[in-house]
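Visitor: My structure is in start.txt, and what it holds is compact mmCIF, C-alpha atoms:
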```
# COMPACT_ATOMS: atom_id res chain seq x y z
CA ASP A 1 66.23 -4.08 10.34
CA VAL A 2 63.36 -3.42 7.98
CA LYS A 3 60.30 -5.31 8.97
CA VAL A 4 57.52 -6.24 6.62
CA THR A 5 54.48 -7.63 8.38
CA GLN A 6 51.70 -9.53 6.69
CA SER A 7 48.56 -9.69 8.78
CA SER A 8 47.78 -13.38 8.34
CA ARG A 9 49.96 -16.47 7.93
CA TYR A 10 47.10 -18.70 6.83
CA LEU A 11 43.67 -17.89 5.40
CA VAL A 12 40.85 -20.08 4.17
CA LYS A 13 38.14 -18.36 2.16
CA ARG A 14 35.17 -19.46 0.13
CA THR A 15 34.78 -18.97 -3.60
CA GLY A 16 33.25 -15.60 -4.35
CA GLU A 17 34.30 -13.94 -1.10
CA LYS A 18 36.09 -10.61 -1.11
CA VAL A 19 39.51 -11.07 0.46
CA PHE A 20 41.87 -8.46 1.90
CA LEU A 21 45.54 -9.18 2.44
CA GLU A 22 47.33 -6.53 4.46
CA CYS A 23 51.01 -5.61 4.46
CA VAL A 24 52.78 -3.05 6.63
CA GLN A 25 56.44 -1.95 6.51
CA ASP A 26 58.19 0.12 9.13
CA MET A 27 61.13 1.71 7.29
CA ASP A 28 59.49 4.45 5.27
CA HIS A 29 60.15 2.68 1.96
CA GLU A 30 58.44 4.17 -1.04
CA ASN A 31 58.30 0.94 -3.05
CA MET A 32 56.01 -1.93 -2.13
CA PHE A 33 55.10 -5.09 -4.04
CA TRP A 34 52.73 -8.01 -4.03
CA TYR A 35 53.83 -11.37 -5.44
CA ARG A 36 52.28 -14.80 -5.57
CA GLN A 37 54.38 -17.93 -5.43
CA ASP A 38 53.30 -21.25 -6.86
CA PRO A 39 55.23 -24.54 -7.15
CA GLY A 40 57.20 -24.70 -10.38
CA LEU A 41 56.34 -21.10 -11.32
CA GLY A 42 58.44 -19.11 -8.88
CA LEU A 43 57.44 -15.62 -7.78
CA ARG A 44 55.19 -13.60 -10.06
CA LEU A 45 54.48 -9.90 -9.62
CA ILE A 46 50.83 -8.96 -9.17
CA TYR A 47 50.96 -5.23 -8.42
CA PHE A 48 53.44 -2.69 -7.14
CA SER A 49 53.40 0.85 -5.85
CA TYR A 50 56.03 3.60 -5.92
CA ASP A 51 54.13 6.05 -3.74
CA VAL A 52 50.98 6.67 -1.80
CA LYS A 53 47.84 6.31 -3.92
CA MET A 54 49.98 5.12 -6.82
CA LYS A 55 49.74 1.61 -8.27
CA GLU A 56 51.03 -0.23 -11.29
CA LYS A 57 50.06 -3.58 -12.72
CA GLY A 58 52.59 -6.35 -12.63
CA ASP A 59 52.65 -9.50 -14.71
CA ILE A 60 49.45 -11.12 -13.43
CA PRO A 61 47.03 -8.43 -12.15
CA GLU A 62 43.81 -10.08 -13.33
CA GLY A 63 41.42 -10.77 -10.49
CA TYR A 64 43.30 -8.52 -8.07
CA SER A 65 43.33 -4.90 -7.03
CA VAL A 66 45.43 -2.96 -4.55
CA SER A 67 45.18 0.02 -2.24
CA ARG A 68 47.88 2.27 -0.84
CA GLU A 69 46.33 5.01 1.24
CA LYS A 70 49.31 5.34 3.56
CA LYS A 71 53.01 4.96 2.80
CA GLU A 72 53.51 2.09 5.20
CA ARG A 73 50.52 -0.01 4.16
CA PHE A 74 49.86 -1.85 0.91
CA SER A 75 46.74 -3.97 0.63
CA LEU A 76 45.96 -6.68 -1.91
CA ILE A 77 42.29 -7.28 -2.66
CA LEU A 78 40.73 -10.30 -4.28
CA GLU A 79 37.39 -8.95 -5.45
CA SER A 80 35.79 -12.38 -5.84
CA ALA A 81 38.07 -15.19 -4.73
CA SER A 82 38.43 -18.18 -7.00
CA THR A 83 40.08 -21.54 -6.45
CA ASN A 84 42.88 -20.69 -8.88
CA GLN A 85 43.91 -17.92 -6.50
CA THR A 86 44.93 -20.48 -3.91
CA SER A 87 48.59 -19.62 -3.43
CA MET A 88 51.30 -18.19 -1.20
CA TYR A 89 51.17 -14.39 -1.30
CA LEU A 90 54.29 -12.41 -0.50
CA CYS A 91 54.57 -8.70 0.18
CA ALA A 92 57.89 -6.88 -0.21
CA SER A 93 59.24 -3.39 0.24
CA SER A 94 62.34 -1.68 -1.08
CA GLN A 95 64.21 1.57 -0.84
CA GLY A 96 65.09 1.38 -4.53
CA ALA A 97 66.46 -0.80 -7.32
CA ASP A 98 70.00 -0.81 -5.96
CA TYR A 99 68.89 -1.99 -2.55
CA GLY A 100 67.61 -5.29 -1.31
CA TYR A 101 63.99 -6.23 -1.17
CA THR A 102 62.60 -7.21 2.23
CA PHE A 103 59.84 -9.77 2.12
CA GLY A 104 57.12 -10.49 4.61
CA SER A 105 56.59 -13.99 5.96
CA GLY A 106 53.86 -14.69 3.47
CA THR A 107 50.17 -15.50 3.60
CA ARG A 108 49.10 -18.92 2.45
CA LEU A 109 45.61 -18.46 1.05
CA THR A 110 43.34 -21.39 0.32
CA VAL A 111 40.11 -20.77 -1.58
CA VAL A 112 37.58 -23.56 -1.28
CA LYS B 1 63.35 -12.67 -23.48
CA ASN B 2 64.73 -11.94 -20.02
CA GLN B 3 65.15 -15.17 -18.12
CA VAL B 4 66.86 -16.54 -15.04
CA GLU B 5 67.61 -20.25 -14.99
CA GLN B 6 68.73 -22.07 -11.87
CA SER B 7 70.30 -25.48 -11.51
CA PRO B 8 69.98 -27.99 -10.13
CA GLN B 9 66.26 -27.91 -9.40
CA SER B 10 66.90 -29.84 -6.19
CA LEU B 11 69.88 -31.12 -4.29
CA ILE B 12 70.46 -33.43 -1.34
CA ILE B 13 73.74 -33.30 0.57
CA LEU B 14 75.12 -34.59 3.86
CA GLU B 15 75.64 -32.24 6.76
CA GLY B 16 79.13 -30.76 6.73
CA LYS B 17 79.58 -31.03 2.97
CA ASN B 18 79.95 -28.08 0.59
CA CYS B 19 77.71 -27.39 -2.37
CA THR B 20 77.36 -24.95 -5.24
CA LEU B 21 74.16 -23.68 -6.80
CA GLN B 22 74.11 -22.17 -10.28
CA CYS B 23 72.25 -19.26 -11.84
CA ASN B 24 72.39 -18.29 -15.52
CA TYR B 25 70.60 -15.23 -16.81
CA THR B 26 69.82 -13.46 -20.05
CA VAL B 27 68.58 -10.23 -18.48
CA SER B 28 69.68 -7.05 -20.23
CA PRO B 29 70.49 -4.37 -19.28
CA PHE B 30 71.78 -5.85 -16.05
CA SER B 31 71.57 -3.89 -12.81
CA ASN B 32 72.22 -6.31 -9.98
CA LEU B 33 71.87 -9.93 -8.92
CA ARG B 34 70.58 -11.14 -5.58
CA TRP B 35 70.44 -14.48 -3.85
CA TYR B 36 67.63 -15.18 -1.41
CA LYS B 37 67.08 -18.03 1.03
CA GLN B 38 63.49 -19.11 1.60
CA ASP B 39 62.64 -21.47 4.41
CA THR B 40 59.52 -23.59 3.93
CA GLY B 41 56.39 -21.52 4.56
CA ARG B 42 58.32 -18.28 5.05
CA GLY B 43 59.20 -15.27 2.92
CA PRO B 44 62.57 -15.01 1.12
CA VAL B 45 65.45 -13.48 3.05
CA SER B 46 68.28 -11.70 1.26
CA LEU B 47 71.72 -13.35 1.36
CA THR B 48 73.75 -11.22 -1.06
CA ILE B 49 73.37 -8.52 -3.67
CA MET B 50 76.01 -7.90 -6.36
CA THR B 51 76.30 -5.17 -8.96
CA PHE B 52 78.03 -5.39 -12.32
CA SER B 53 81.45 -4.47 -10.90
CA GLU B 54 81.43 -7.04 -8.10
CA ASN B 55 82.49 -10.61 -8.75
CA THR B 56 82.29 -12.10 -5.28
CA LYS B 57 80.47 -11.42 -2.05
CA SER B 58 80.31 -13.41 1.16
CA ASN B 59 77.78 -13.68 3.94
CA GLY B 60 79.09 -16.08 6.56
CA ARG B 61 79.22 -19.56 5.04
CA TYR B 62 77.55 -18.31 1.85
CA THR B 63 79.71 -16.99 -0.98
CA ALA B 64 78.21 -15.68 -4.19
CA THR B 65 80.16 -15.13 -7.39
CA LEU B 66 79.21 -13.23 -10.49
CA ASP B 67 80.65 -13.40 -14.00
CA ALA B 68 78.95 -10.59 -15.90
CA ASP B 69 80.65 -11.59 -19.15
CA THR B 70 79.18 -15.09 -19.22
CA LYS B 71 76.05 -13.99 -17.29
CA GLN B 72 76.51 -16.63 -14.66
CA SER B 73 76.38 -16.59 -10.88
CA SER B 74 76.94 -19.25 -8.28
CA LEU B 75 76.16 -19.57 -4.59
CA HIS B 76 78.64 -21.69 -2.65
CA ILE B 77 77.67 -23.02 0.77
CA THR B 78 80.50 -24.17 2.97
CA ALA B 79 80.23 -26.78 5.73
CA SER B 80 76.48 -27.17 5.31
CA GLN B 81 74.18 -27.33 8.31
CA LEU B 82 70.70 -28.77 8.72
CA SER B 83 69.39 -25.21 8.89
CA ASP B 84 70.60 -24.61 5.34
CA SER B 85 67.74 -26.77 4.09
CA ALA B 86 65.67 -24.28 2.12
CA SER B 87 64.93 -22.97 -1.34
CA TYR B 88 67.55 -20.63 -2.81
CA ILE B 89 66.31 -18.09 -5.31
CA CYS B 90 68.39 -16.08 -7.77
CA VAL B 91 66.90 -12.72 -8.76
CA VAL B 92 68.23 -10.41 -11.46
CA SER B 93 67.27 -6.74 -11.71
CA GLU B 94 66.93 -5.22 -15.14
CA GLY B 95 68.18 -1.67 -15.71
CA ASN B 96 67.54 0.83 -12.93
CA GLN B 97 63.89 0.19 -12.27
CA ALA B 98 62.30 -1.45 -9.29
CA GLY B 99 59.26 -3.63 -9.38
CA THR B 100 58.51 -5.00 -12.79
CA ALA B 101 62.19 -5.32 -13.68
CA LEU B 102 62.95 -8.07 -11.16
CA ILE B 103 63.36 -11.41 -12.88
CA PHE B 104 63.07 -14.39 -10.53
CA GLY B 105 64.56 -17.83 -10.99
CA LYS B 106 62.41 -20.77 -9.92
CA GLY B 107 64.83 -21.68 -7.17
CA THR B 108 66.94 -24.64 -6.07
CA THR B 109 65.62 -26.73 -3.20
CA LEU B 110 68.45 -27.84 -0.94
CA SER B 111 68.02 -30.62 1.58
CA VAL B 112 70.77 -31.18 4.12
CA SER B 113 70.60 -34.51 5.90
CA SER B 114 72.45 -35.81 8.94
```
Would you mind giving the structure from this file in structure tokens?
Guide:
Amino acid sequence: DVKVTQSSRYLVKRTGEKVFLECVQDMDHENMFWYRQDPGLGLRLIYFSYDVKMKEKGDIPEGYSVSREKKERFSLILESASTNQTSMYLCASSQGADYGYTFGSGTRLTVV
Amino acid sequence: KNQVEQSPQSLIILEGKNCTLQCNYTVSPFSNLRWYKQDTGRGPVSLTIMTFSENTKSNGRYTATLDADTKQSSLHITASQLSDSASYICVVSEGNQAGTALIFGKGTTLSVSS
């Protein structure tokens, strides 16, 4: 089975800190995604990547950046954390549109 | 506008009972529809994926149906168990693209009580 591993289950950071969320997948998938999930809003796409060093903005990229230096690793970066970025962050990978998406367990980030 | 609407928003049933969750979508062009189960504090896990030509797919006690003409899908859970308590998310893929073309419903929260 495809495994998507997110480095932290829970994080608490202070406003203004630079935050790194790491995601690693072990099935050589080309496509990787970062979503945030908030009550009543569902999942919203932040950024995605179709290949190494390639990135595309999703629906809500403001305040975030990403890095994909290796195929298996996709990092989400909060340049200067703010309280409105308190959320559950989910990483996913996929072999392609006709295949399922495998999600990580999520990182619940609290910015205080 | 591409949208995925799920109903009900929440549902409480007794252990052993059956239930059906609904998903209506306006996504076009349609590629596929997926149902995910998300336990509290965890990431979503895929239950089923159906393309345009499929109208039913089962995964154990979970059976998904798809009516591409009316743009409706349902997820039927048979003989519910306490472990079925979770959020169920319907996701529709637009066209043949990955990533930005996934349209997520807001989910149905199911609580199974003993």
Visitor: Rounded to one decimal in Å, what is the spacing between CA of Ser28 (chain B) and CA of Ser7 (chain B)?
Guide: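 These two atoms are separated by 20.4 Å.
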Visitor: I'd like the neighbourhood of Lys106 (chain B) as a compact mmCIF listing (two decimals) with C-alpha atoms, in the coordinates of the input, where a residue qualifies if any of its atoms comes within 10 Å (using all atoms listed in the file), though same-chain residues fewer than 5 positions away should be ignored.
Guide:
```
# COMPACT_ATOMS: atom_id res chain seq x y z
CA GLN A 37 54.38 -17.93 -5.43
CA ASP A 38 53.30 -21.25 -6.86
CA PRO A 39 55.23 -24.54 -7.15
CA GLY A 40 57.20 -24.70 -10.38
CA LEU A 41 56.34 -21.10 -11.32
CA GLY A 42 58.44 -19.11 -8.88
CA LEU A 43 57.44 -15.62 -7.78
CA VAL B 4 66.86 -16.54 -15.04
CA GLU B 5 67.61 -20.25 -14.99
CA GLN B 6 68.73 -22.07 -11.87
CA SER B 7 70.30 -25.48 -11.51
CA GLN B 9 66.26 -27.91 -9.40
CA SER B 87 64.93 -22.97 -1.34
CA TYR B 88 67.55 -20.63 -2.81
CA ILE B 89 66.31 -18.09 -5.31
CA CYS B 90 68.39 -16.08 -7.77
CA VAL B 91 66.90 -12.72 -8.76
```
Visitor: As a PDB file with C-alpha atoms, keeping the file's coordinate frame, please: the residues near Thr78 (chain B) (cut-off 8 Å, all atoms listed in the file, same-chain neighbours under 3 positions excluded).
Guide:
```
ATOM      1  CA  GLY B  16      79.130 -30.760   6.730  1.00  0.00           C
ATOM      2  CA  LYS B  17      79.580 -31.030   2.970  1.00  0.00           C
ATOM      3  CA  ASN B  18      79.950 -28.080   0.590  1.00  0.00           C
ATOM      4  CA  CYS B  19      77.710 -27.390  -2.370  1.00  0.00           C
ATOM      5  CA  ARG B  61      79.220 -19.560   5.040  1.00  0.00           C
ATOM      6  CA  TYR B  62      77.550 -18.310   1.850  1.00  0.00           C
TER       7      TYR B  62
END
```
Visitor: Near chain A, which residues of chain B fall within 12 Å when you count all atoms listed in the file, and what do they look like as a VMD selection string?
Guide: chain B and resid 4 to 6 9 to 10 30 to 52 87 to 109
Visitor: What's the separation between CA of Tyr35 (chain A) and CA of Thr15 (chain A), in Å to one decimal place?
Guide: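 Taking CA of Tyr35 (chain A) as the start and CA of Thr15 (chain A) as the end point, the length is 20.6 Å.
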Visitor: Just the number, please: distance in Å from CA of Ile12 (chain B) to CA of Ser114 (chain B), one decimal.
Guide: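 Distance between the two atoms: 10.7 Å.
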